[in-house]
Structure formats: C-alpha cells, structure tokens
$ cat coords.cif   # mmCIF, C-alpha atoms
data_target
#
loop_
_atom_site.label_atom_id
_atom_site.label_comp_id
_atom_site.auth_asym_id
_atom_site.auth_seq_id
_atom_site.Cartn_x
_atom_site.Cartn_y
_atom_site.Cartn_z
CA MET Z 1 0.00 0.00 0.00
CA LYS Z 2 1.31 3.42 -0.94
CA PHE Z 3 2.63 5.61 1.88
CA PRO Z 4 0.31 8.65 2.42
CA GLY Z 5 3.04 11.23 1.90
CA SER Z 6 0.73 13.71 0.16
CA VAL Z 7 -1.48 13.84 3.26
CA LEU Z 8 1.54 14.54 5.45
CA ALA Z 9 2.74 17.31 3.12
CA SER Z 10 -0.71 18.95 3.06
CA VAL Z 11 -1.03 18.92 6.84
CA PHE Z 12 2.51 20.24 7.34
CA LEU Z 13 1.94 23.20 5.03
CA PHE Z 14 -1.47 23.88 6.60
CA VAL Z 15 -0.18 23.88 10.18
CA ALA Z 16 3.09 25.72 9.45
CA GLU Z 17 1.45 28.47 7.42
CA THR Z 18 -1.33 29.02 9.96
CA THR Z 19 1.12 29.14 12.87
CA VAL Z 20 3.44 31.65 11.20
CA ALA Z 21 0.45 33.77 10.12
CA LEU Z 22 -0.77 34.03 13.72
CA TYR Z 23 2.74 34.97 14.89
CA LEU Z 24 3.15 37.57 12.16
CA SER Z 25 -0.26 39.10 12.88
CA SER Z 26 0.76 39.50 16.53
CA THR Z 27 3.91 41.39 15.43
CA TYR Z 28 1.78 43.70 13.27
CA ARG Z 29 -0.46 44.35 16.26
CA SER Z 30 2.53 45.20 18.45
CA ALA Z 31 3.80 47.60 15.79
CA GLY Z 32 0.39 49.28 15.49
CA ASP Z 33 -0.26 48.11 11.90
CA ARG Z 34 -3.92 47.21 12.33
CA MET Z 35 -4.66 46.98 8.62
CA TRP Z 36 -1.80 44.55 7.93
CA GLN Z 37 -2.90 42.49 10.94
CA ALA Z 38 -6.51 42.31 9.73
CA LEU Z 39 -5.56 41.32 6.18
CA THR Z 40 -3.07 38.71 7.38
CA LEU Z 41 -5.70 37.11 9.62
CA LEU Z 42 -8.32 37.28 6.86
CA PHE Z 43 -6.16 35.47 4.29
CA SER Z 44 -5.23 32.89 6.94
CA LEU Z 45 -8.52 32.10 8.69
CA LEU Z 46 -10.83 32.21 5.65
CA PRO Z 47 -9.05 29.37 3.78
CA CYS Z 48 -8.83 27.45 7.08
CA ALA Z 49 -12.62 27.51 7.33
CA LEU Z 50 -12.98 26.48 3.68
CA VAL Z 51 -10.56 23.58 4.22
CA GLN Z 52 -12.66 22.34 7.14
CA LEU Z 53 -15.84 22.51 5.03
CA THR Z 54 -14.13 20.66 2.18
CA LEU Z 55 -13.03 17.79 4.40
CA VAL Z 56 -16.50 17.52 5.95
CA PHE Z 57 -18.16 17.60 2.52
CA VAL Z 58 -15.90 14.96 0.93
CA HIS Z 59 -16.26 12.56 3.88
CA ARG Z 60 -20.05 13.24 4.17
CA ASP Z 61 -19.79 13.77 7.93
CA LEU Z 62 -23.00 15.79 8.07
CA SER Z 63 -25.04 12.69 7.21
CA ARG Z 64 -23.16 10.51 9.72
CA ASP Z 65 -23.31 10.45 13.48
CA ARG Z 66 -19.84 11.82 14.26
CA PRO Z 67 -20.24 14.79 16.64
CA LEU Z 68 -16.61 14.65 17.85
CA VAL Z 69 -15.28 15.00 14.30
CA LEU Z 70 -17.56 17.97 13.63
CA LEU Z 71 -16.43 19.60 16.88
CA LEU Z 72 -12.78 19.19 15.91
CA HIS Z 73 -13.49 20.80 12.56
CA LEU Z 74 -15.19 23.73 14.30
CA LEU Z 75 -12.04 24.13 16.40
CA GLN Z 76 -9.95 24.15 13.17
CA LEU Z 77 -8.33 20.85 14.19
CA GLY Z 78 -9.94 18.72 11.48
CA PRO Z 79 -6.83 18.25 9.29
CA LEU Z 80 -4.77 17.06 12.26
CA PHE Z 81 -7.43 14.50 13.21
CA ARG Z 82 -7.77 13.34 9.60
CA CYS Z 83 -4.00 12.91 9.34
CA PHE Z 84 -3.96 10.84 12.54
CA GLU Z 85 -6.81 8.74 11.16
CA VAL Z 86 -4.95 8.19 7.89
CA PHE Z 87 -1.82 6.88 9.59
CA CYS Z 88 -3.89 4.64 11.88
CA ILE Z 89 -5.49 3.06 8.82
CA TYR Z 90 -2.12 2.74 7.09
CA CYS Z 91 -0.45 1.04 10.09
CA GLN Z 92 -3.37 -1.34 10.73
CA SER Z 93 -3.66 -2.39 7.08
CA SER Z 94 -0.22 -4.03 7.10
CA ASN Z 95 -1.09 -6.23 10.08
CA ALA Z 96 -4.63 -7.42 9.32
CA GLU Z 97 -5.89 -9.26 6.25
CA GLU Z 98 -9.09 -7.79 4.84
CA PRO Z 99 -11.98 -10.16 4.13
CA TYR Z 100 -13.76 -7.83 1.69
CA VAL Z 101 -12.10 -6.46 -1.42
CA SER Z 102 -13.27 -4.87 -4.65
CA ILE Z 103 -11.79 -5.38 -8.11
CA THR Z 104 -10.87 -2.45 -10.34
CA LYS Z 105 -9.94 -2.65 -14.00
CA LYS Z 106 -7.40 -0.31 -15.52
CA ARG Z 107 -5.69 -0.23 -18.90
CA GLN Z 108 -1.97 0.10 -19.19
CA ILE Z 109 -0.33 2.87 -21.19
CA PRO Z 110 0.12 1.47 -24.73
CA LYS Z 111 3.52 -0.01 -25.54
CA ASN Z 112 4.28 -0.65 -29.20
CA GLY Z 113 0.65 0.13 -29.99
CA LEU Z 114 -0.72 -2.53 -27.59
CA SER Z 115 -2.63 -1.85 -24.38
CA GLU Z 116 -3.49 -4.54 -21.84
CA GLU Z 117 -6.28 -4.41 -19.27
CA ILE Z 118 -5.22 -5.36 -15.75
CA GLU Z 119 -7.33 -6.24 -12.73
CA ARG Z 120 -6.39 -5.14 -9.25
CA GLU Z 121 -7.83 -5.91 -5.82
CA VAL Z 122 -8.60 -2.89 -3.65
CA GLY Z 123 -9.32 -3.46 0.03
CA GLN Z 124 -11.42 -1.31 2.34
CA ALA Z 125 -8.38 0.28 3.95
CA GLU Z 126 -6.93 1.28 0.59
CA GLY Z 127 -10.30 2.68 -0.45
CA LYS Z 128 -10.43 4.81 2.71
CA LEU Z 129 -6.89 6.05 2.09
CA PHE Z 130 -7.86 6.97 -1.46
CA THR Z 131 -10.76 9.05 -0.13
CA HIS Z 132 -8.47 10.80 2.36
CA ARG Z 133 -5.88 11.55 -0.34
CA SER Z 134 -8.57 12.97 -2.60
CA ALA Z 135 -9.95 15.17 0.20
CA PHE Z 136 -6.53 16.52 1.16
CA SER Z 137 -5.64 17.19 -2.48
CA ARG Z 138 -8.71 19.39 -2.87
CA ALA Z 139 -8.04 21.05 0.47
CA SER Z 140 -4.45 21.84 -0.61
CA VAL Z 141 -5.70 23.53 -3.78
CA ILE Z 142 -8.16 25.65 -1.77
CA GLN Z 143 -5.50 26.55 0.79
CA ALA Z 144 -3.07 27.48 -1.97
CA PHE Z 145 -5.12 29.75 -4.20
CA LEU Z 146 -7.69 31.23 -1.84
CA GLY Z 147 -5.24 31.76 1.02
CA SER Z 148 -1.54 31.39 0.25
CA ALA Z 149 -1.58 33.24 -3.09
CA PRO Z 150 -3.17 36.47 -1.78
CA GLN Z 151 -1.14 36.09 1.43
CA LEU Z 152 2.15 35.93 -0.50
CA THR Z 153 1.14 38.98 -2.55
CA LEU Z 154 0.25 40.90 0.62
CA GLN Z 155 3.45 40.07 2.52
CA LEU Z 156 5.65 40.92 -0.47
CA TYR Z 157 3.82 44.24 -0.85
CA ILE Z 158 4.34 45.02 2.86
CA SER Z 159 8.05 44.21 2.55
CA LEU Z 160 8.31 46.50 -0.47
CA MET Z 161 6.53 49.39 1.22
CA GLN Z 162 8.52 49.07 4.45
CA GLN Z 163 11.73 48.26 2.52
CA GLU Z 164 12.48 45.57 5.08
CA VAL Z 165 12.22 41.78 5.07
CA THR Z 166 12.07 40.32 8.56
CA VAL Z 167 12.90 36.72 9.38
CA GLY Z 168 9.27 35.88 10.17
CA ARG Z 169 7.99 37.46 6.99
CA SER Z 170 10.59 35.75 4.81
CA LEU Z 171 9.71 32.39 6.37
CA PHE Z 172 6.01 33.09 5.82
CA MET Z 173 6.53 34.03 2.17
CA THR Z 174 8.60 30.88 1.59
CA LEU Z 175 5.88 28.68 3.10
CA SER Z 176 3.20 30.46 1.07
CA LEU Z 177 5.14 29.98 -2.17
CA LEU Z 178 5.65 26.28 -1.39
CA SER Z 179 1.93 25.94 -0.62
CA ILE Z 180 0.95 27.55 -3.94
CA VAL Z 181 3.39 25.43 -5.93
CA TYR Z 182 2.18 22.29 -4.18
CA GLY Z 183 -1.45 23.23 -4.90
CA ALA Z 184 -0.63 23.81 -8.57
CA LEU Z 185 1.17 20.47 -8.68
CA ARG Z 186 -1.92 18.76 -7.25
CA CYS Z 187 -3.96 20.45 -10.01
CA ASN Z 188 -1.69 18.94 -12.65
CA ILE Z 189 -1.87 15.45 -11.15
CA LEU Z 190 -5.64 15.74 -10.69
CA ALA Z 191 -6.07 16.78 -14.32
CA ILE Z 192 -4.02 13.82 -15.54
CA LYS Z 193 -5.92 11.29 -13.42
CA ILE Z 194 -9.33 12.65 -14.45
CA LYS Z 195 -8.56 12.87 -18.17
CA TYR Z 196 -7.03 9.37 -18.25
CA ASP Z 197 -9.23 7.71 -15.66
CA GLU Z 198 -9.36 4.38 -17.49
CA TYR Z 199 -5.56 4.05 -17.54
CA GLU Z 200 -3.09 3.08 -14.85
CA VAL Z 201 -1.20 6.36 -14.45
CA LYS Z 202 2.24 6.40 -12.81
CA VAL Z 203 3.96 9.75 -12.41
CA LYS Z 204 7.76 9.56 -12.34
CA PRO Z 205 9.90 11.62 -9.91
CA LEU Z 206 11.41 13.66 -12.75
CA ALA Z 207 7.89 14.69 -13.76
CA TYR Z 208 7.28 16.05 -10.25
CA VAL Z 209 10.58 17.97 -10.41
CA CYS Z 210 9.71 19.43 -13.80
CA ILE Z 211 6.25 20.53 -12.63
CA PHE Z 212 7.75 22.02 -9.47
CA PHE Z 213 10.15 24.28 -11.41
CA TRP Z 214 7.49 25.13 -14.00
CA ARG Z 215 5.02 26.26 -11.34
CA SER Z 216 7.65 27.97 -9.17
CA PHE Z 217 8.88 30.28 -11.93
CA GLU Z 218 5.37 30.95 -13.23
CA ILE Z 219 3.83 31.83 -9.86
CA ALA Z 220 6.83 33.82 -8.58
CA THR Z 221 6.90 35.91 -11.75
CA ARG Z 222 3.19 36.58 -11.58
CA VAL Z 223 3.22 37.63 -7.92
CA VAL Z 224 6.20 39.98 -8.40
CA VAL Z 225 4.51 41.66 -11.39
CA LEU Z 226 1.28 42.19 -9.43
CA VAL Z 227 3.16 43.62 -6.44
CA LEU Z 228 5.19 46.01 -8.58
CA PHE Z 229 2.07 47.27 -10.33
CA THR Z 230 0.19 47.62 -7.02
CA SER Z 231 2.98 49.70 -5.50
CA VAL Z 232 2.53 52.48 -8.08
CA LEU Z 233 -1.12 52.20 -9.19
CA LYS Z 234 -3.17 50.91 -6.25
CA THR Z 235 -6.55 51.78 -7.75
CA TRP Z 236 -5.97 50.22 -11.15
CA VAL Z 237 -4.82 46.91 -9.69
CA VAL Z 238 -8.36 46.46 -8.36
CA VAL Z 239 -9.64 46.80 -11.92
CA ASP Z 240 -7.11 44.25 -13.19
CA VAL Z 241 -7.94 41.70 -10.48
CA PHE Z 242 -11.68 42.25 -10.95
CA VAL Z 243 -11.48 41.74 -14.72
CA ASN Z 244 -9.41 38.56 -14.28
CA PHE Z 245 -11.72 37.09 -11.67
CA VAL Z 246 -14.95 37.93 -13.47
CA SER Z 247 -13.64 36.64 -16.81
CA PHE Z 248 -12.56 33.25 -15.46
CA PHE Z 249 -15.59 33.00 -13.17
CA LEU Z 250 -18.13 33.61 -15.95
CA PHE Z 251 -16.36 31.62 -18.69
CA PRO Z 252 -17.58 28.13 -17.53
CA TRP Z 253 -21.11 29.48 -17.02
CA ILE Z 254 -21.24 31.14 -20.45
CA PHE Z 255 -19.99 27.93 -22.07
CA PHE Z 256 -22.64 25.99 -20.13
CA TRP Z 257 -25.50 28.33 -21.13
CA CYS Z 258 -24.42 28.31 -24.79
CA SER Z 259 -24.37 24.49 -24.83
CA GLY Z 260 -28.07 24.32 -23.86
CA SER Z 261 -27.43 21.42 -21.46
CA PRO Z 262 -29.77 20.80 -18.50
CA PHE Z 263 -28.74 21.90 -15.02
CA PRO Z 264 -26.49 19.24 -13.40
CA GLU Z 265 -28.29 17.31 -10.68
CA ASN Z 266 -25.87 14.44 -9.99
CA ILE Z 267 -23.11 16.24 -8.08
CA GLU Z 268 -24.32 15.07 -4.70
CA LYS Z 269 -27.60 13.25 -4.00
CA ALA Z 270 -28.12 14.95 -0.64
CA LEU Z 271 -27.85 18.45 -2.15
CA SER Z 272 -30.85 20.45 -3.29
CA ARG Z 273 -30.84 22.65 -6.38
CA VAL Z 274 -29.78 25.64 -4.30
CA GLY Z 275 -26.99 23.62 -2.66
CA THR Z 276 -25.78 22.42 -6.05
CA THR Z 277 -25.70 26.01 -7.32
CA ILE Z 278 -23.66 27.09 -4.28
CA VAL Z 279 -21.17 24.25 -4.83
CA LEU Z 280 -20.82 25.12 -8.54
CA CYS Z 281 -20.32 28.81 -7.74
CA PHE Z 282 -17.62 27.90 -5.24
CA LEU Z 283 -15.90 25.68 -7.82
CA THR Z 284 -15.94 28.45 -10.42
CA LEU Z 285 -14.59 30.87 -7.79
CA LEU Z 286 -11.73 28.49 -7.07
CA TYR Z 287 -11.18 28.05 -10.82
CA ALA Z 288 -10.91 31.83 -11.22
CA GLY Z 289 -8.51 32.05 -8.28
CA ILE Z 290 -6.22 29.43 -9.80
CA ASN Z 291 -6.13 31.05 -13.23
CA MET Z 292 -5.44 34.42 -11.65
CA PHE Z 293 -1.95 33.22 -10.71
CA CYS Z 294 -1.18 30.28 -13.02
CA TRP Z 295 -2.58 27.88 -15.60
CA SER Z 296 -5.19 25.71 -13.91
CA ALA Z 297 -4.48 22.55 -15.99
CA VAL Z 298 -8.05 21.50 -15.10
CA GLN Z 299 -10.74 22.81 -17.43
CA LEU Z 300 -14.04 23.27 -15.60
CA LYS Z 301 -17.02 22.03 -17.64
CA ILE Z 302 -20.36 22.34 -15.85
CA ASN Z 303 -22.33 20.29 -18.39
CA ASN Z 304 -20.00 17.31 -17.83
CA PRO Z 305 -20.96 14.76 -15.12
CA ASP Z 306 -17.39 14.90 -13.76
CA LEU Z 307 -17.39 18.73 -14.02
CA ILE Z 308 -13.98 18.43 -15.72
CA SER Z 309 -13.25 18.44 -19.44
CA LYS Z 310 -11.25 15.37 -20.47
CA SER Z 311 -10.05 16.78 -23.78
CA GLN Z 312 -6.50 18.11 -24.17
CA ASN Z 313 -6.98 21.65 -25.53
CA TRP Z 314 -3.58 22.93 -26.66
CA TYR Z 315 -5.03 26.07 -28.22
CA ARG Z 316 -6.55 27.20 -24.92
CA LEU Z 317 -3.19 26.64 -23.23
CA LEU Z 318 -1.43 28.67 -25.93
CA VAL Z 319 -3.96 31.51 -25.73
CA TYR Z 320 -3.71 31.64 -21.93
CA TYR Z 321 0.07 32.02 -21.87
CA MET Z 322 0.07 34.54 -24.72
CA VAL Z 323 -2.57 36.71 -23.04
CA ARG Z 324 -0.85 36.40 -19.67
CA PHE Z 325 2.47 37.44 -21.23
CA ILE Z 326 0.84 40.50 -22.81
CA GLU Z 327 -0.83 41.41 -19.53
CA ASN Z 328 2.40 41.05 -17.53
CA ALA Z 329 4.28 43.13 -20.10
CA PHE Z 330 1.64 45.88 -19.91
CA LEU Z 331 1.68 45.92 -16.09
CA LEU Z 332 5.48 46.16 -16.08
CA LEU Z 333 5.35 48.99 -18.60
CA MET Z 334 2.92 50.91 -16.38
CA TRP Z 335 5.18 50.28 -13.39
CA TYR Z 336 8.21 51.54 -15.30
CA LEU Z 337 6.41 54.72 -16.35
CA HIS Z 338 5.02 55.50 -12.88
CA LYS Z 339 7.72 54.13 -10.55
CA THR Z 340 8.39 56.21 -7.44
CA ASP Z 341 11.46 57.08 -5.38
CA ILE Z 342 11.47 53.77 -3.51
CA TYR Z 343 12.89 52.23 -6.70
CA MET Z 344 15.74 54.73 -6.87
CA TYR Z 345 18.40 52.05 -6.36
CA VAL Z 346 16.66 49.43 -8.52
CA CYS Z 347 17.81 48.86 -12.07
CA ALA Z 348 14.39 48.70 -13.73
CA PRO Z 349 15.48 47.30 -17.14
CA LEU Z 350 17.45 44.54 -15.43
CA LEU Z 351 14.49 43.65 -13.20
CA ILE Z 352 12.15 43.51 -16.20
CA LEU Z 353 14.65 41.31 -18.04
CA GLN Z 354 14.87 38.94 -15.06
CA LEU Z 355 11.08 38.64 -14.90
CA PHE Z 356 10.94 38.00 -18.63
CA ILE Z 357 13.59 35.26 -18.31
CA GLY Z 358 11.71 33.74 -15.36
CA TYR Z 359 8.46 33.60 -17.35
CA CYS Z 360 10.22 32.04 -20.36
CA THR Z 361 11.91 29.52 -18.04
CA ALA Z 362 8.50 28.48 -16.71
CA ILE Z 363 7.25 27.92 -20.27
CA LEU Z 364 10.40 25.95 -21.08
CA PHE Z 365 9.87 23.58 -18.14
CA MET Z 366 6.22 23.21 -19.15
CA LEU Z 367 7.19 22.19 -22.70
CA VAL Z 368 9.82 19.78 -21.38
CA PHE Z 369 7.22 18.17 -19.13
CA TYR Z 370 4.68 17.65 -21.92
CA GLN Z 371 7.33 16.46 -24.38
CA PHE Z 372 9.34 14.05 -22.21
CA PHE Z 373 7.87 13.44 -18.73
CA HIS Z 374 4.08 13.41 -19.11
CA PRO Z 375 2.92 9.95 -17.97
CA CYS Z 376 0.37 9.70 -20.81
CA LYS Z 377 2.35 11.33 -23.63
CA LYS Z 378 1.88 8.24 -25.81
CA LEU Z 379 -1.86 8.96 -25.87
CA PHE Z 380 -1.44 12.45 -27.33
CA ASN Z 381 -2.65 13.01 -30.87
CA SER Z 382 0.36 15.24 -31.46
CA SER Z 383 3.41 16.01 -29.35
CA VAL Z 384 4.74 19.44 -28.45
CA SER Z 385 7.56 19.22 -31.00
CA GLU Z 386 5.15 18.23 -33.79
CA SER Z 387 2.82 21.11 -32.94
CA PHE Z 388 5.79 23.49 -32.87
CA ARG Z 389 6.97 22.32 -36.29
CA ALA Z 390 3.45 22.71 -37.67
CA TRP Z 391 3.29 26.24 -36.27
CA ILE Z 392 6.65 27.09 -37.90
CA ARG Z 393 5.41 25.75 -41.25
CA CYS Z 394 2.30 27.93 -40.98
CA VAL Z 395 4.41 31.01 -40.21
CA LEU Z 396 6.76 30.31 -43.14
CA PHE Z 397 3.80 29.77 -45.48
CA ALA Z 398 2.26 33.06 -44.37
CA CYS Z 399 5.59 34.88 -44.96
CA ARG Z 400 5.94 33.39 -48.45
CA HIS Z 401 2.36 34.29 -49.27
CA GLN Z 402 2.96 37.88 -48.15
CA LYS Z 403 6.15 38.14 -50.23
CA PHE Z 404 4.24 36.82 -53.24
CA LEU Z 405 1.45 39.38 -52.85
CA GLN Z 406 3.82 42.38 -52.65
CA PRO Z 407 5.29 42.03 -56.21
CA ALA Z 408 1.83 41.37 -57.57
CA GLY Z 409 0.57 44.57 -55.96
CA LYS Z 410 3.49 46.55 -57.38
CA THR Z 411 2.88 45.27 -60.93
CA ASP Z 412 -0.81 46.11 -60.63
CA GLN Z 413 0.05 49.66 -59.56
CA ARG Z 414 2.56 49.97 -62.43
CA SER Z 415 0.06 48.73 -65.01
CA SER Z 416 -2.63 51.11 -63.74
CA GLY Z 417 -0.11 54.01 -63.97
CA ASP Z 418 0.69 53.05 -67.55
CA ARG Z 419 -3.01 53.07 -68.41
CA ASP Z 420 -3.36 56.56 -67.03
CA GLU Z 421 -0.39 57.88 -69.03
CA THR Z 422 -1.06 56.05 -72.36
CA PRO Z 423 -4.68 55.01 -72.57
CA SER Z 424 -4.39 54.01 -76.24
CA SER Z 425 -1.86 51.27 -75.48
CA SER Z 426 -3.59 49.84 -72.39
CA LYS Z 427 -5.01 46.86 -74.19
CA ILE Z 428 -1.59 45.95 -75.56
CA SER Z 429 0.31 46.38 -72.27
CA SER Z 430 -2.23 44.52 -70.14
CA VAL Z 431 -1.62 41.23 -71.88
CA PRO Z 432 2.12 40.95 -71.09
CA SER Z 433 1.50 41.98 -67.46
CA GLN Z 434 -1.08 39.23 -67.09
CA ILE Z 435 1.35 36.73 -68.62
CA LEU Z 436 4.08 37.91 -66.27
CA ASN Z 437 1.85 37.55 -63.25
CA ALA Z 438 0.87 34.05 -64.34
CA GLU Z 439 4.53 33.10 -64.75
CA GLU Z 440 5.34 34.47 -61.27
CA ILE Z 441 2.50 32.48 -59.74
CA CYS Z 442 3.65 29.28 -61.38
CA SER Z 443 7.27 29.82 -60.36
CA ALA Z 444 6.15 30.56 -56.78
#
$ encode --input "coords.cif" --output "structure tokens"
Amino acid sequence: MKFPGSVLASVFLFVAETTVALYLSSTYRSAGDRMWQALTLLFSLLPCALVQLTLVFVHRDLSRDRPLVLLLHLLQLGPLFRCFEVFCIYCQSSNAEEPYVSITKKRQIPKNGLSEEIEREVGQAEGKLFTHRSAFSRASVIQAFLGSAPQLTLQLYISLMQQEVTVGRSLFMTLSLLSIVYGALRCNILAIKIKYDEYEVKVKPLAYVCIFFWRSFEIATRVVVLVLFTSVLKTWVVVDVFVNFVSFFLFPWIFFWCSGSPFPENIEKALSRVGTTIVLCFLTLLYAGINMFCWSAVQLKINNPDLISKSQNWYRLLVYYMVRFIENAFLLLMWYLHKTDIYMYVCAPLLILQLFIGYCTAILFMLVFYQFFHPCKKLFNSSVSESFRAWIRCVLFACRHQKFLQPAGKTDQRSSGDRDETPSSSKISSVPSQILNAEEICSA
C-alpha cells in the first residue's frame, strides 16, 4: 500500500502556514499596523474555514453520526485529526488481512501500440486512504489559491513598502510559495488522473521535479509583477484583479449556457438545487482564483458529469500564456512609467529582463514536461515538437504568401499608372502583365 506522503505534506503546510500567520499578525499588532494584521488574519482564517468545510463535505460527515469530528473541525483541528486517522489506517492495514475487497480494472499505457487491461484488488483500507488523499488534495488547492496566493502577494507588498524583510515574513513568504506550488502540482496530477481515468497512471519523480520548477517560476513571476504594479497604481490593480476574476468566473457558465445542457443534478444526492448552485459557484470561484496566478491545468465544464473536461486543448493553453504574457508586459510597462522614489536604487530594465527570463523559463519547463515526462504522452494526438513544427510551417507559409502578394501589388500599380499615361496602349500592355503575373505564380 502506498505511503500517504501527500497527506503529510498537506497537513505540514497547513499547520506551518497558519502558525506563522498568527505569529506575524501579533507582530503587526505590536507595531500598530492594524490593517496589515486584519488582512493577514483574513487570508489565513478564511481558507482554514474552507478547508474544514471541504473535508466535511468529501467525507459526508453531516449525514453521519460523528459529533466529535464535527467539533474538531469547528475548532480548526480537522486536518490534524484526519492525518492521525490516515496513519492509523495505514499502520493497521499491514497487520490485518481484509476479508472484503473490490476489483478495479485499468488499462496500461500502450507499448508498441498494444494496451493490456489489468485487474487489481482494492481493500477497504486502501479505499479509505484513497478518499483521504482525494480530500486533502482538494483542500491543498483551496488553501493554496484562496489563502496562500493572496497572502504571498500581501506580505511581499508590505516588505516592499517598508523596505524591510524580517525573518518571520521571509519564512512566511517561503511557506506560502511552497503551498501555492504544491497546490498547482496537485492540479496537474488531478487533471491527468481525471482525463485518463481508465488508464493506470504512474507519475515519475522527474515529472514532479519538472512541474515544481514550472510552477515555481510561473507563480513567482506573476506575484512579483502584481506587487510592482500595485505599489505604483493601487486603484488600477483592483480593476485588473476584478477583470481577471470575473472573466474566469463567468467563462464556464457562459460555455454551459451556450451548450443548452440541462442543469447538473448528480453532483451530490443529498444536495438540493440551491446547494448544487452554491457548490458550482464555489468551484468556479476556485477556478478563477487558480487562473489568476497560473494555468489551472483542469478545465471546468459544468455540463459534464465529472465537471472536468477530459479533452486536451492545446489552443486554450497557448492563448492563456500569450494573453498572460501580454498582460504582464503591460503591467510592467505601467510600473516603469510610474515608478516612485522607492525604486531609486533598482535597475528597472534589469528587473524587467529577469522577470521575462523567469516567465520564459516556466514555459520551457512546461514544454519539457509535456514532451518528455508526461505519464500519458503516448496517448497524445500530437506532441509538443510536432505542434511546434506545424506552427513554424504555418508562419513560413504566411511569410511566403505575403512576399508573393507584394510584387503582384506593385505590378498592378505599375500597369494602372501606364493606363493613365497612355490610354491608347492599355489593351496591348495589359496582356504581357497578365502573362508575367501568371509566370510568377507558377514559379512561386
């Protein structure tokens, strides 16, 4: 049975980040910074409450007689109890033989064009561990993008305004960045397992390393750009964040309304129509929060029973990174034009170049992951290199077509000028020009 390391990592980040946030808020209170204290507590306690609700919802504790578990969740101690429960199940499973098992069928990744179907016995203990892993994965994503991401942005902004990075704040920002990267990594793994649910997916360690660097550079670059822009144009950053959130929040709903599909009723049997709407709104809010800072990897599709699109849309990925690059470049340009005296000793062109290199490095690691380390790369219709070569061929064809049109336009202008100067010879001169154009077309 697989060791529940993901559960341990989620609980460690949850406890460490909450503890440091409470300590840092106490230092802000001692220094008289009430606003920084309030915002630090808000971005720490709100995701804590959402994590507790997520764990209760996944385990269906409201429909079960478990008052002690509910009390622990109200005291914000639910993740610790769940982690203790996970390791109790893991330790007991190696000692006792289970009388009841279920059989799952998975297909192997094709090798040499052949794919075999394998059967595997899953005991009750392993099924419980799977549920716990799934719950903690979702909780990590919520903690990362509804808590750690705004918290990291806030603490970096405070450090920039005060021009001081304390030990506590640096530790807090490091933990927040690790939490966001880990949440983004869980999004990637979740997307792979949902899209290829019928296959036995095994993610190699090098794939985890590649995703880690991809997400680290992408998220760090995005947060720095937002902080720099906020430091000079505080009002306009609200507009930017609002446009991003509303766009990604409404996109799944607009796609759902245009499809004409009926309202989904099979999310949870115990939920009413109002409860289902609340859950869907929360999912779209989380989806918008993820895409605010990085590529979500999971495409929300409300008219799908799994709520996740299983198709690999390369064009949407390309459009996202192109639009995000343009937005980051525009924000940096506004920062450069309106930067204040606090950046007197900062080499602005060098900083912009470093951010540009960091963003390109993130894209490079992403391409390396999809080309070499994706566990299901053999199932792709086309690889990254093939798509890149096709894109280059399209660009070259467009350039050749443009070069061909320019001489044709010049000859047309010349022939029209000749007609204006010598109208009597227009009929004679038009025939050779047409022959010349035909010869050029054939040679091209």
$ closest_residue --input "coords.cif" --among "Z:Arg34, Z:Lys234, Z:Lys2, Z:Arg186" --to "Phe130 in chain Z" --atoms "all atoms listed in the file"
Z:Lys2
$ closest_residue --input "coords.cif" --among "Z:Leu160, Z:Ala16, Z:Leu80, Z:Val122" --to "Ser231 in chain Z" --atoms "all atoms listed in the file"
Z:Leu160
$ closest_atom_pairs --input "coords.cif" --of "range 161-216 of chain Z" --to "range 104-108 of chain Z" --cutoff "10 Å" --atoms "all atoms listed in the file" --output "tab-separated table"
residue	atom	partner	partner_atom	distance
Z:Tyr196	CA	Z:Arg107	CA	9.7
Z:Asp197	CA	Z:Lys106	CA	8.2
Z:Glu198	CA	Z:Lys106	CA	5.5
Z:Tyr199	CA	Z:Arg107	CA	4.5
Z:Glu200	CA	Z:Gln108	CA	5.4
Z:Val201	CA	Z:Gln108	CA	7.9
Z:Lys202	CA	Z:Gln108	CA	9.9
$ resolve_selection --input "coords.cif" --expression "the PyMOL selection byres ((chain Z and resi 336-347) around 10)" --output "JSON, numbers by chain"
{"Z": [160, 161, 162, 163, 228, 229, 231, 232, 233, 330, 331, 332, 333, 334, 335, 348, 349, 350, 351, 352]}
$ resolve_selection --input "coords.cif" --expression "the PyMOL selection byres ((chain Z and resi 176) around 8)" --output "list in words"
Glu17, Ala144, Ser148, Ala149, Gln151, Leu152, Phe172, Met173, Thr174, Leu175, Leu177, Leu178, Ser179 and Ile180 of chain Z
$ atom_distance --input "coords.cif" --atom1 "CA of Leu317 in chain Z" --atom2 "CA of Val243 in chain Z"
19.2 Å
$ resolve_selection --input "coords.cif" --expression "the PyMOL selection byres ((chain Z and resi 139) around 10)" --output "VMD selection string"
chain Z and resid 10 to 11 14 47 to 48 50 to 55 58 79 133 to 138 140 to 144 183
$ write_last_selection --input "coords.cif" --atoms "C-alpha atoms" --output "tab-separated table (two decimals), in the frame of the given file"
chain	number	residue	atom	x	y	z
Z	10	SER	CA	-0.71	18.95	3.06
Z	11	VAL	CA	-1.03	18.92	6.84
Z	14	PHE	CA	-1.47	23.88	6.60
Z	47	PRO	CA	-9.05	29.37	3.78
Z	48	CYS	CA	-8.83	27.45	7.08
Z	50	LEU	CA	-12.98	26.48	3.68
Z	51	VAL	CA	-10.56	23.58	4.22
Z	52	GLN	CA	-12.66	22.34	7.14
Z	53	LEU	CA	-15.84	22.51	5.03
Z	54	THR	CA	-14.13	20.66	2.18
Z	55	LEU	CA	-13.03	17.79	4.40
Z	58	VAL	CA	-15.90	14.96	0.93
Z	79	PRO	CA	-6.83	18.25	9.29
Z	133	ARG	CA	-5.88	11.55	-0.34
Z	134	SER	CA	-8.57	12.97	-2.60
Z	135	ALA	CA	-9.95	15.17	0.20
Z	136	PHE	CA	-6.53	16.52	1.16
Z	137	SER	CA	-5.64	17.19	-2.48
Z	138	ARG	CA	-8.71	19.39	-2.87
Z	140	SER	CA	-4.45	21.84	-0.61
Z	141	VAL	CA	-5.70	23.53	-3.78
Z	142	ILE	CA	-8.16	25.65	-1.77
Z	143	GLN	CA	-5.50	26.55	0.79
Z	144	ALA	CA	-3.07	27.48	-1.97
Z	183	GLY	CA	-1.45	23.23	-4.90
$ residues_around --input "coords.cif" --residues "range 217-226 of chain Z" --least-positions-apart "2" --cutoff "7 Å" --atoms "only C-alpha atoms" --output "PyMOL selection string"
chain Z and resi 153+213-215+228-230+293-294+328+331-332+355+358-359+361-362
$ atom_distance --input "coords.cif" --atom1 "CA of Leu68 in chain Z" --atom2 "CA of Leu45 in chain Z"
21.3 Å
$ closest_residue --input "coords.cif" --among "Z:His59, Z:Lys195, Z:Lys204, Z:His374" --to "Leu307 in chain Z" --atoms "all atoms listed in the file"
Z:Lys195
$ closest_residue --input "coords.cif" --among "Z:Leu146, Z:Val227, Z:Leu379, Z:Val20" --to "Phe43 in chain Z" --atoms "only C-alpha atoms"
Z:Leu146
$ closest_residue --input "coords.cif" --among "Z:Val167, Z:Leu77, Z:Leu129, Z:Cys83" --to "Leu24 in chain Z" --atoms "only C-alpha atoms"
Z:Val167
